[in-house]
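These notes concern the structure reproduced below.
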Amino acid sequence: MSGGVNMDIAKKVEELKALEMKMYAYNYASSTIYVDSATVAPKDTSEGRGRALAVLSEESYKLIAGDYTRELINDLKSVYDELDDQTKREVHLLSESIDKLSRVPMDEYIAHSVLVNEAQDVWRNAKENNDFESFRPYLEKLVDTARRFAGYYDPTKAPYDALLHEYEKGASMEMLDKFFGRVKDALVPLIEKVCAAKQPDDSFLFKHYPKADQQKFTDYLMDVMGLDRGHCAVGETEHPFTSELNKWDVRITTHYYEDNLASSMYSVIHEGGHALYELGGADELQYTVCSGGTSLGIHESQSRFYENIIGRSEAFINAIFPKLCELFPEQLEGVTAHDFYLAVNRGQPSLIRTEADELTYCMHVIIRYELEKKLISGELAVKDLPAEWNRMYKEYLGVDVPDDTRGVLQDSHWSGGALGYFPSYALGSAYGAQMVKEMEKEIDIDECVSRGDLSPVTAWLGEKVHRHGSMLDPADIMKQFGGFDPECFIEYITKKYTALYEL
Ligand code: ZN
């Protein structure tokens, strides 16, 4: 190997890093605009935002699918073996993006970002006014676009498989049919038993909890989770989310309901879990395509780990109960930590996915999965979606949907063009159950959590999951835990609810 060749490689690698920094900057701008639109932007401002986003998405598209990037990546592929591991991964991930994106015509790519920006506003109003009809034409366009884009992403796959792969690399209908089949078989009889059993009193969770006191509780929870406020801020939105601008700047949001204490509490813990994943990425991955969580399923495994496995454990409730009593002495008068633990784990079929308990949550996901499959295959028309939604809620969860606001319009995902996203929540639960099984072998989780010290848990997840960013595929992360195995989740949830309800 001559020195001249080495010089060339070094220069190409430098060009690559500069290109990734530019991509990062466009993403940073788009994400900041999104955070702004969801938090403080006045409501009639989508027009100007849409124009800015159209420009940014055109530039992003060109950065990935343009000739310069393609040639650079091809050059680097020709010397692939001489690159370090991280640069190899960057080349690999960019090469995948180029292949995929260059099959999407640029005008369609831009039109999609404009459509999504508009559809989100329409959906917000539709949800507020229980008016599915106003959202219907947008959803029809979004379903059409998703189906068409699926063909661009991977013409060899069934369209819904191509979409699933976008959100969770390696996921397919074959895998999910099997997974959800097992979950349904186990959960349906378990939910029936829980419903027939004596229910704990959870009425104290729905007393009046002033927002100002809940905000203090949010600050406390973020401290317990070890979220560094210098690098992680909390805002308020209709739907809680996490936006990772980079590992040193993560934004989470929550929504306060003064008549529901658990809602914001678990939103903060859930989004805090997402934030810890991002904050724990290795420094050297920042500003490259290897930064950030590797997939939505792995992301949800972290958020749902903190929310459910930790946040709904008796050890955690014991740790935080003194603070709850200090902030809410009247509302929690006569309530014990054990009462609180039983209340936040009450298993009860309900209407709203984000408010669902750990037991019934997956059923909400399965309903959406089955509806999306039919929407994308064309078996179900958008105009028939609300009726089918209501029918499935009755069949799977036994609940009557009173209106579309609390039915088909409840989630923001479809308005954002995200079809194929929902299964990642259930995969996250399943991944998390596998992780805790391994973690228990090395850490006395109850011991540290009951002292309010989550740092051993976060350090363990940091080592196995967080620090890797997108260096590993989801399947590679899960290899550390024996590969994806839905049985762990079924064991975990059955054991937990059998004990809770003394079944
Ligand atoms: Zn989440």
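In the structure tokens, chains take letters A, B, ... by order of appearance, with residues numbered from 1 within each chain and ligands from 1 in the order shown.
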Within 8 Å of ligand 1 (counting only C-alpha atoms and all ligand atoms), which residues show up? I'd like them as a list in words.
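Within the 8 Å cut-off, the matching residues are Phe241, Thr242, His270, Glu271, His274, His299, Glu300, Ser303, Arg304 and Tyr425 of chain A.
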Keeping N, CA, C and O atoms, export the residues of the selection given above as a short mmCIF file (atom, residue, chain, number, x, y, z; two decimals), in the first residue's frame.
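Result written to again-v6.cif:
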```cif
data_model
loop_
_atom_site.label_atom_id
_atom_site.label_comp_id
_atom_site.auth_asym_id
_atom_site.auth_seq_id
_atom_site.Cartn_x
_atom_site.Cartn_y
_atom_site.Cartn_z
N PHE A 241 -43.44 13.44 23.68
CA PHE A 241 -42.45 12.83 22.79
C PHE A 241 -41.05 13.21 23.24
O PHE A 241 -40.86 14.02 24.14
N THR A 242 -40.06 12.58 22.60
CA THR A 242 -38.66 12.92 22.83
C THR A 242 -38.05 13.34 21.51
O THR A 242 -38.28 12.69 20.50
N HIS A 270 -41.37 7.51 30.81
CA HIS A 270 -41.22 6.90 29.48
C HIS A 270 -40.29 7.73 28.59
O HIS A 270 -39.30 7.22 28.05
N GLU A 271 -40.60 9.01 28.47
CA GLU A 271 -39.77 9.86 27.60
C GLU A 271 -38.36 10.00 28.20
O GLU A 271 -37.38 10.08 27.46
N HIS A 274 -36.33 7.25 26.87
CA HIS A 274 -35.83 7.56 25.52
C HIS A 274 -34.61 8.49 25.63
O HIS A 274 -33.61 8.32 24.93
N HIS A 299 -35.52 1.64 20.89
CA HIS A 299 -35.85 2.86 21.63
C HIS A 299 -36.99 2.59 22.62
O HIS A 299 -36.93 2.96 23.79
N GLU A 300 -38.04 1.95 22.12
CA GLU A 300 -39.17 1.66 23.00
C GLU A 300 -38.78 0.67 24.10
O GLU A 300 -39.35 0.69 25.18
N SER A 303 -37.52 3.10 26.78
CA SER A 303 -38.56 3.92 27.42
C SER A 303 -39.50 3.05 28.23
O SER A 303 -39.88 3.39 29.36
N ARG A 304 -39.87 1.90 27.68
CA ARG A 304 -40.83 1.04 28.37
C ARG A 304 -40.14 0.29 29.53
O ARG A 304 -40.80 -0.12 30.46
N TYR A 425 -43.63 -0.59 19.50
CA TYR A 425 -43.94 -0.46 20.93
C TYR A 425 -43.98 -1.83 21.59
O TYR A 425 -43.44 -2.04 22.68
#
```
List every residue of stretch 77-159 of chain A that DSSP, applied to the backbone of this structure, places in alpha helix (DSSP H), and write the result as an MDAnalysis selection string.
chainID A and resid 77:78 85:101 106:128 132:153 159
Near-A:Thr360 list (7 Å; only C-alpha atoms; drop same-chain fewer than 2 positions) as number ranges by chain:
A: 347-349, 356-358, 362-363
Using N, CA, C and O atoms, can you write the selected residues to a file as a compact mmCIF listing (two decimals), in the first residue's frame?
```txt
# COMPACT_ATOMS: atom_id res chain seq x y z
N GLY A 347 -55.05 -3.53 36.02
CA GLY A 347 -55.24 -4.05 34.66
C GLY A 347 -56.69 -3.91 34.26
O GLY A 347 -57.56 -4.47 34.91
N GLN A 348 -56.91 -3.15 33.19
CA GLN A 348 -58.29 -2.85 32.85
C GLN A 348 -58.38 -2.44 31.38
O GLN A 348 -57.72 -1.47 30.99
N PRO A 349 -59.13 -3.16 30.58
CA PRO A 349 -59.27 -2.76 29.17
C PRO A 349 -59.77 -1.33 29.08
O PRO A 349 -60.64 -0.93 29.85
N ALA A 356 -52.97 3.16 28.55
CA ALA A 356 -53.24 1.75 28.86
C ALA A 356 -52.23 1.21 29.85
O ALA A 356 -51.09 1.64 29.91
N ASP A 357 -52.67 0.23 30.64
CA ASP A 357 -51.77 -0.41 31.60
C ASP A 357 -50.88 -1.40 30.85
O ASP A 357 -51.10 -1.72 29.68
N GLU A 358 -49.91 -1.89 31.60
CA GLU A 358 -48.91 -2.78 31.01
C GLU A 358 -49.53 -4.08 30.49
O GLU A 358 -49.05 -4.65 29.51
N CYS A 362 -50.44 -4.18 24.84
CA CYS A 362 -50.13 -4.84 23.57
C CYS A 362 -51.37 -5.09 22.71
O CYS A 362 -51.26 -5.15 21.48
N MET A 363 -52.53 -5.21 23.35
CA MET A 363 -53.75 -5.41 22.56
C MET A 363 -54.04 -4.17 21.70
O MET A 363 -54.51 -4.28 20.58
```
Taking the chain letters and numbering used in this document, name the residues of stretch 114-260 of chain A that DSSP puts in strand (DSSP E or B), as a PyMOL selection string.
chain A and resi 232-236+242-246+249-254+257+260
Store the residues picked out above, limited to N, CA, C and O atoms, as a compact mmCIF listing (two decimals), in the first residue's frame.
```txt
# COMPACT_ATOMS: atom_id res chain seq x y z
N CYS A 232 -30.94 18.12 29.06
CA CYS A 232 -32.25 17.54 28.78
C CYS A 232 -33.34 18.43 29.37
O CYS A 232 -33.41 18.60 30.59
N ALA A 233 -34.15 19.02 28.50
CA ALA A 233 -35.22 19.91 28.96
C ALA A 233 -36.56 19.21 28.83
O ALA A 233 -36.72 18.29 28.04
N VAL A 234 -37.53 19.69 29.63
CA VAL A 234 -38.88 19.12 29.52
C VAL A 234 -39.85 20.23 29.12
O VAL A 234 -39.79 21.34 29.65
N GLY A 235 -40.71 19.94 28.13
CA GLY A 235 -41.74 20.89 27.70
C GLY A 235 -43.11 20.24 27.79
O GLY A 235 -43.24 19.11 28.28
N GLU A 236 -44.12 20.98 27.34
CA GLU A 236 -45.49 20.43 27.38
C GLU A 236 -46.08 20.36 25.99
O GLU A 236 -45.98 21.33 25.22
N THR A 242 -40.06 12.58 22.60
CA THR A 242 -38.66 12.92 22.83
C THR A 242 -38.05 13.34 21.51
O THR A 242 -38.28 12.69 20.50
N SER A 243 -37.31 14.43 21.52
CA SER A 243 -36.60 14.82 20.31
C SER A 243 -35.12 14.93 20.66
O SER A 243 -34.73 15.68 21.55
N GLU A 244 -34.31 14.16 19.94
CA GLU A 244 -32.89 14.14 20.23
C GLU A 244 -32.19 14.97 19.17
O GLU A 244 -32.11 14.58 18.02
N LEU A 245 -31.76 16.16 19.55
CA LEU A 245 -31.07 17.01 18.58
C LEU A 245 -29.63 16.53 18.44
O LEU A 245 -29.07 16.49 17.35
N ASN A 246 -29.04 16.15 19.57
CA ASN A 246 -27.77 15.43 19.61
C ASN A 246 -27.63 14.94 21.05
O ASN A 246 -28.51 15.21 21.87
N ASP A 249 -28.14 17.50 23.71
CA ASP A 249 -29.33 18.36 23.67
C ASP A 249 -30.56 17.52 23.34
O ASP A 249 -30.90 17.31 22.17
N VAL A 250 -31.19 17.03 24.40
CA VAL A 250 -32.37 16.16 24.22
C VAL A 250 -33.57 16.86 24.85
O VAL A 250 -33.48 17.42 25.93
N ARG A 251 -34.71 16.85 24.14
CA ARG A 251 -35.92 17.49 24.65
C ARG A 251 -36.99 16.42 24.88
O ARG A 251 -37.24 15.62 23.98
N ILE A 252 -37.57 16.44 26.07
CA ILE A 252 -38.72 15.57 26.27
C ILE A 252 -39.93 16.45 26.57
O ILE A 252 -39.78 17.61 26.95
N THR A 253 -41.12 15.89 26.36
CA THR A 253 -42.33 16.63 26.69
C THR A 253 -43.29 15.74 27.47
O THR A 253 -43.19 14.52 27.44
N THR A 254 -44.21 16.40 28.15
CA THR A 254 -45.26 15.67 28.86
C THR A 254 -46.56 16.44 28.71
O THR A 254 -46.59 17.52 28.11
N TYR A 257 -52.55 16.47 33.20
CA TYR A 257 -54.00 16.44 33.43
C TYR A 257 -54.18 16.60 34.94
O TYR A 257 -53.67 15.79 35.71
N ASN A 260 -55.55 13.55 36.81
CA ASN A 260 -54.92 12.25 36.58
C ASN A 260 -53.42 12.35 36.87
O ASN A 260 -52.66 12.88 36.08
```
Separation of atom CA of A:Phe180 and atom CA of A:Val457, in Å?
28.4 Å
12 Å contact set for stretch 482-488 of chain A, only C-alpha atoms, chain neighbours under 3 positions out, as JSON, numbers by chain
{"A": [170, 171, 175, 176, 177, 178, 179, 180, 181, 182, 183, 184, 185, 186, 297, 298, 426, 427, 428, 429, 430, 431, 432, 433, 434, 435, 436, 437, 438, 473, 474, 475, 476, 477, 478, 479, 491, 492, 493, 494, 495]}
List as a list in words the protein and nucleic acid residues near A:Lys374, meaning an atom at most 12 Å away when only C-alpha atoms are counted, but skip any in the same chain fewer than 5 places from it.
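In the requested form, the answer reads Val143, Arg147, Pro159, Tyr160, Met173, Ile367, Arg368, Tyr369, Glu379, Leu380, Ala381, Val382, Asp384, Leu385, Glu388, Trp389, Leu419 and Gly420 of chain A.
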Emit the selected residues as a compact mmCIF listing (two decimals), in the first residue's frame, including all heavy atoms.
```
# COMPACT_ATOMS: atom_id res chain seq x y z
N VAL A 143 -51.97 7.12 3.20
CA VAL A 143 -51.92 5.67 2.98
C VAL A 143 -51.40 5.37 1.57
O VAL A 143 -50.55 4.51 1.37
CB VAL A 143 -53.30 5.02 3.21
CG1 VAL A 143 -53.33 3.57 2.74
CG2 VAL A 143 -53.70 5.11 4.69
N ARG A 147 -47.93 3.38 0.69
CA ARG A 147 -47.91 2.21 -0.18
C ARG A 147 -46.93 2.41 -1.35
O ARG A 147 -46.16 1.52 -1.69
CB ARG A 147 -49.33 1.96 -0.72
CG ARG A 147 -49.58 0.55 -1.18
CD ARG A 147 -50.97 0.42 -1.76
NE ARG A 147 -52.03 0.53 -0.76
CZ ARG A 147 -53.11 1.30 -0.90
NH1 ARG A 147 -53.26 2.08 -1.96
NH2 ARG A 147 -54.03 1.32 0.03
N PRO A 159 -45.64 -4.54 0.39
CA PRO A 159 -45.52 -3.14 0.84
C PRO A 159 -45.47 -2.98 2.36
O PRO A 159 -44.64 -2.23 2.88
CB PRO A 159 -46.78 -2.49 0.25
CG PRO A 159 -47.12 -3.33 -0.93
CD PRO A 159 -46.70 -4.72 -0.62
N TYR A 160 -46.31 -3.68 3.09
CA TYR A 160 -46.30 -3.47 4.55
C TYR A 160 -45.01 -3.98 5.17
O TYR A 160 -44.51 -3.41 6.14
CB TYR A 160 -47.55 -4.11 5.19
CG TYR A 160 -47.76 -3.68 6.63
CD1 TYR A 160 -47.82 -2.33 6.98
CD2 TYR A 160 -47.90 -4.62 7.65
CE1 TYR A 160 -48.00 -1.92 8.29
CE2 TYR A 160 -48.08 -4.23 8.98
CZ TYR A 160 -48.14 -2.88 9.29
OH TYR A 160 -48.32 -2.49 10.60
N MET A 173 -44.14 -9.14 8.54
CA MET A 173 -45.45 -9.64 8.93
C MET A 173 -45.33 -11.08 9.44
O MET A 173 -46.04 -11.48 10.36
CB MET A 173 -46.42 -9.57 7.75
CG MET A 173 -46.85 -8.15 7.42
SD MET A 173 -48.11 -8.10 6.14
CE MET A 173 -47.10 -8.15 4.66
N ILE A 367 -54.28 -4.30 17.55
CA ILE A 367 -55.40 -3.75 16.77
C ILE A 367 -54.87 -2.85 15.65
O ILE A 367 -55.25 -2.97 14.48
CB ILE A 367 -56.37 -2.96 17.68
CG1 ILE A 367 -57.12 -3.93 18.60
CG2 ILE A 367 -57.34 -2.11 16.85
CD1 ILE A 367 -57.93 -3.25 19.71
N ARG A 368 -53.94 -1.96 16.00
CA ARG A 368 -53.39 -1.03 14.99
C ARG A 368 -52.61 -1.78 13.91
O ARG A 368 -52.66 -1.43 12.73
CB ARG A 368 -52.50 0.01 15.67
CG ARG A 368 -53.31 1.05 16.45
CD ARG A 368 -52.48 1.68 17.55
NE ARG A 368 -53.19 2.71 18.30
CZ ARG A 368 -54.12 2.47 19.22
NH1 ARG A 368 -54.50 1.22 19.47
NH2 ARG A 368 -54.71 3.46 19.87
N TYR A 369 -51.88 -2.78 14.34
CA TYR A 369 -51.11 -3.60 13.38
C TYR A 369 -52.05 -4.25 12.36
O TYR A 369 -51.82 -4.20 11.15
CB TYR A 369 -50.32 -4.65 14.16
CG TYR A 369 -49.71 -5.76 13.33
CD1 TYR A 369 -48.65 -5.51 12.46
CD2 TYR A 369 -50.19 -7.07 13.42
CE1 TYR A 369 -48.08 -6.53 11.72
CE2 TYR A 369 -49.63 -8.10 12.67
CZ TYR A 369 -48.58 -7.82 11.81
OH TYR A 369 -48.02 -8.83 11.06
N GLU A 379 -57.26 -3.90 1.53
CA GLU A 379 -58.42 -4.69 1.95
C GLU A 379 -59.42 -3.82 2.73
O GLU A 379 -60.61 -4.11 2.76
CB GLU A 379 -57.88 -5.79 2.88
CG GLU A 379 -58.74 -7.03 3.00
CD GLU A 379 -58.07 -8.00 3.98
OE1 GLU A 379 -56.84 -8.25 3.85
OE2 GLU A 379 -58.76 -8.46 4.88
N LEU A 380 -58.89 -2.76 3.36
CA LEU A 380 -59.74 -1.86 4.14
C LEU A 380 -59.60 -0.45 3.58
O LEU A 380 -58.49 0.05 3.43
CB LEU A 380 -59.30 -1.90 5.61
CG LEU A 380 -60.01 -0.94 6.58
CD1 LEU A 380 -61.48 -1.30 6.75
CD2 LEU A 380 -59.31 -0.95 7.94
N ALA A 381 -60.75 0.21 3.29
CA ALA A 381 -60.71 1.60 2.81
C ALA A 381 -60.70 2.55 4.01
O ALA A 381 -61.28 2.23 5.04
CB ALA A 381 -61.92 1.88 1.93
N VAL A 382 -60.06 3.70 3.82
CA VAL A 382 -59.97 4.67 4.92
C VAL A 382 -61.36 5.07 5.42
O VAL A 382 -61.58 5.22 6.63
CB VAL A 382 -59.15 5.91 4.49
CG1 VAL A 382 -59.26 7.02 5.51
CG2 VAL A 382 -57.69 5.53 4.26
N ASP A 384 -63.88 3.31 5.79
CA ASP A 384 -64.43 2.28 6.67
C ASP A 384 -63.61 2.07 7.93
O ASP A 384 -63.93 1.22 8.77
CB ASP A 384 -64.51 0.94 5.92
CG ASP A 384 -65.40 1.04 4.68
OD1 ASP A 384 -66.41 1.77 4.76
OD2 ASP A 384 -65.08 0.42 3.65
N LEU A 385 -62.53 2.86 8.05
CA LEU A 385 -61.60 2.65 9.17
C LEU A 385 -62.23 2.88 10.56
O LEU A 385 -62.06 2.04 11.44
CB LEU A 385 -60.36 3.54 8.97
CG LEU A 385 -59.28 3.49 10.04
CD1 LEU A 385 -58.65 2.10 10.16
CD2 LEU A 385 -58.18 4.51 9.74
N GLU A 388 -64.35 -0.06 11.61
CA GLU A 388 -63.53 -1.25 11.83
C GLU A 388 -62.73 -1.11 13.14
O GLU A 388 -62.58 -2.07 13.89
CB GLU A 388 -62.60 -1.46 10.63
CG GLU A 388 -61.79 -2.75 10.64
CD GLU A 388 -62.62 -4.05 10.70
OE1 GLU A 388 -63.87 -3.99 10.59
OE2 GLU A 388 -62.01 -5.12 10.89
N TRP A 389 -62.25 0.10 13.37
CA TRP A 389 -61.54 0.39 14.63
C TRP A 389 -62.46 0.05 15.81
O TRP A 389 -62.09 -0.68 16.74
CB TRP A 389 -61.15 1.87 14.67
CG TRP A 389 -60.51 2.34 15.93
CD1 TRP A 389 -61.13 2.53 17.14
CD2 TRP A 389 -59.12 2.66 16.13
NE1 TRP A 389 -60.22 2.96 18.07
CE2 TRP A 389 -58.98 3.05 17.48
CE3 TRP A 389 -58.00 2.67 15.30
CZ2 TRP A 389 -57.75 3.45 18.02
CZ3 TRP A 389 -56.78 3.07 15.84
CH2 TRP A 389 -56.66 3.46 17.18
N LEU A 419 -46.82 4.79 9.08
CA LEU A 419 -47.57 3.53 9.05
C LEU A 419 -46.54 2.40 9.14
O LEU A 419 -45.60 2.37 8.35
CB LEU A 419 -48.40 3.41 7.77
CG LEU A 419 -49.65 4.32 7.77
CD1 LEU A 419 -49.49 5.44 6.78
CD2 LEU A 419 -50.90 3.50 7.47
N GLY A 420 -46.74 1.52 10.11
CA GLY A 420 -45.75 0.46 10.34
C GLY A 420 -44.96 0.72 11.61
O GLY A 420 -44.08 -0.04 11.97
```
Can you tell me, as an NGL selection string, what residues are no more than 10 Å from A:Leu63 when counting only C-alpha atoms, ignoring any on the same chain fewer than 3 positions away?
:A and (19-20 or 22-23 or 26 or 57-60 or 66-70 or 98)
Selection file, C-alpha atoms, as a CSV table (one decimal), in the first residue's frame:
```
chain,number,residue,atom,x,y,z
A,19,LEU,CA,-20.9,15.6,4.7
A,20,GLU,CA,-22.3,14.0,7.8
A,22,LYS,CA,-24.0,18.9,7.1
A,23,MET,CA,-26.7,16.2,7.2
A,26,TYR,CA,-30.2,19.9,8.3
A,57,SER,CA,-36.2,18.4,3.0
A,58,GLU,CA,-35.1,19.2,-0.6
A,59,GLU,CA,-31.6,19.9,0.6
A,60,SER,CA,-31.5,16.8,2.8
A,66,GLY,CA,-27.1,13.5,-4.9
A,67,ASP,CA,-24.2,12.5,-7.2
A,68,TYR,CA,-21.5,13.9,-4.9
A,69,THR,CA,-22.5,11.6,-2.0
A,70,ARG,CA,-23.0,8.6,-4.2
A,98,ILE,CA,-28.8,6.2,-0.9
```
Which residue is closest to A:Leu327? Choose from A:Pro42, A:Gly151, A:Pro210, A:Gly469 and count only C-alpha atoms.
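Ranking A:Pro42, A:Gly151, A:Pro210, A:Gly469 by distance to A:Leu327, first place goes to A:Pro210.
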Identify, on the basis of only C-alpha atoms, every residue whose closest approach to A:Glu314 does not exceed 10 Å; exclude the query and any residue fewer than 5 positions from it along the same chain; express the result as an MDAnalysis selection string.
chainID A and resid 309 319 337:338 340:342 345 446 449:450
So how many Å separate atom CA of A:Ala343 and atom CA of A:Leu190, to one decimal?
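Separation of atom CA of A:Ala343 and atom CA of A:Leu190: 18.0 Å.
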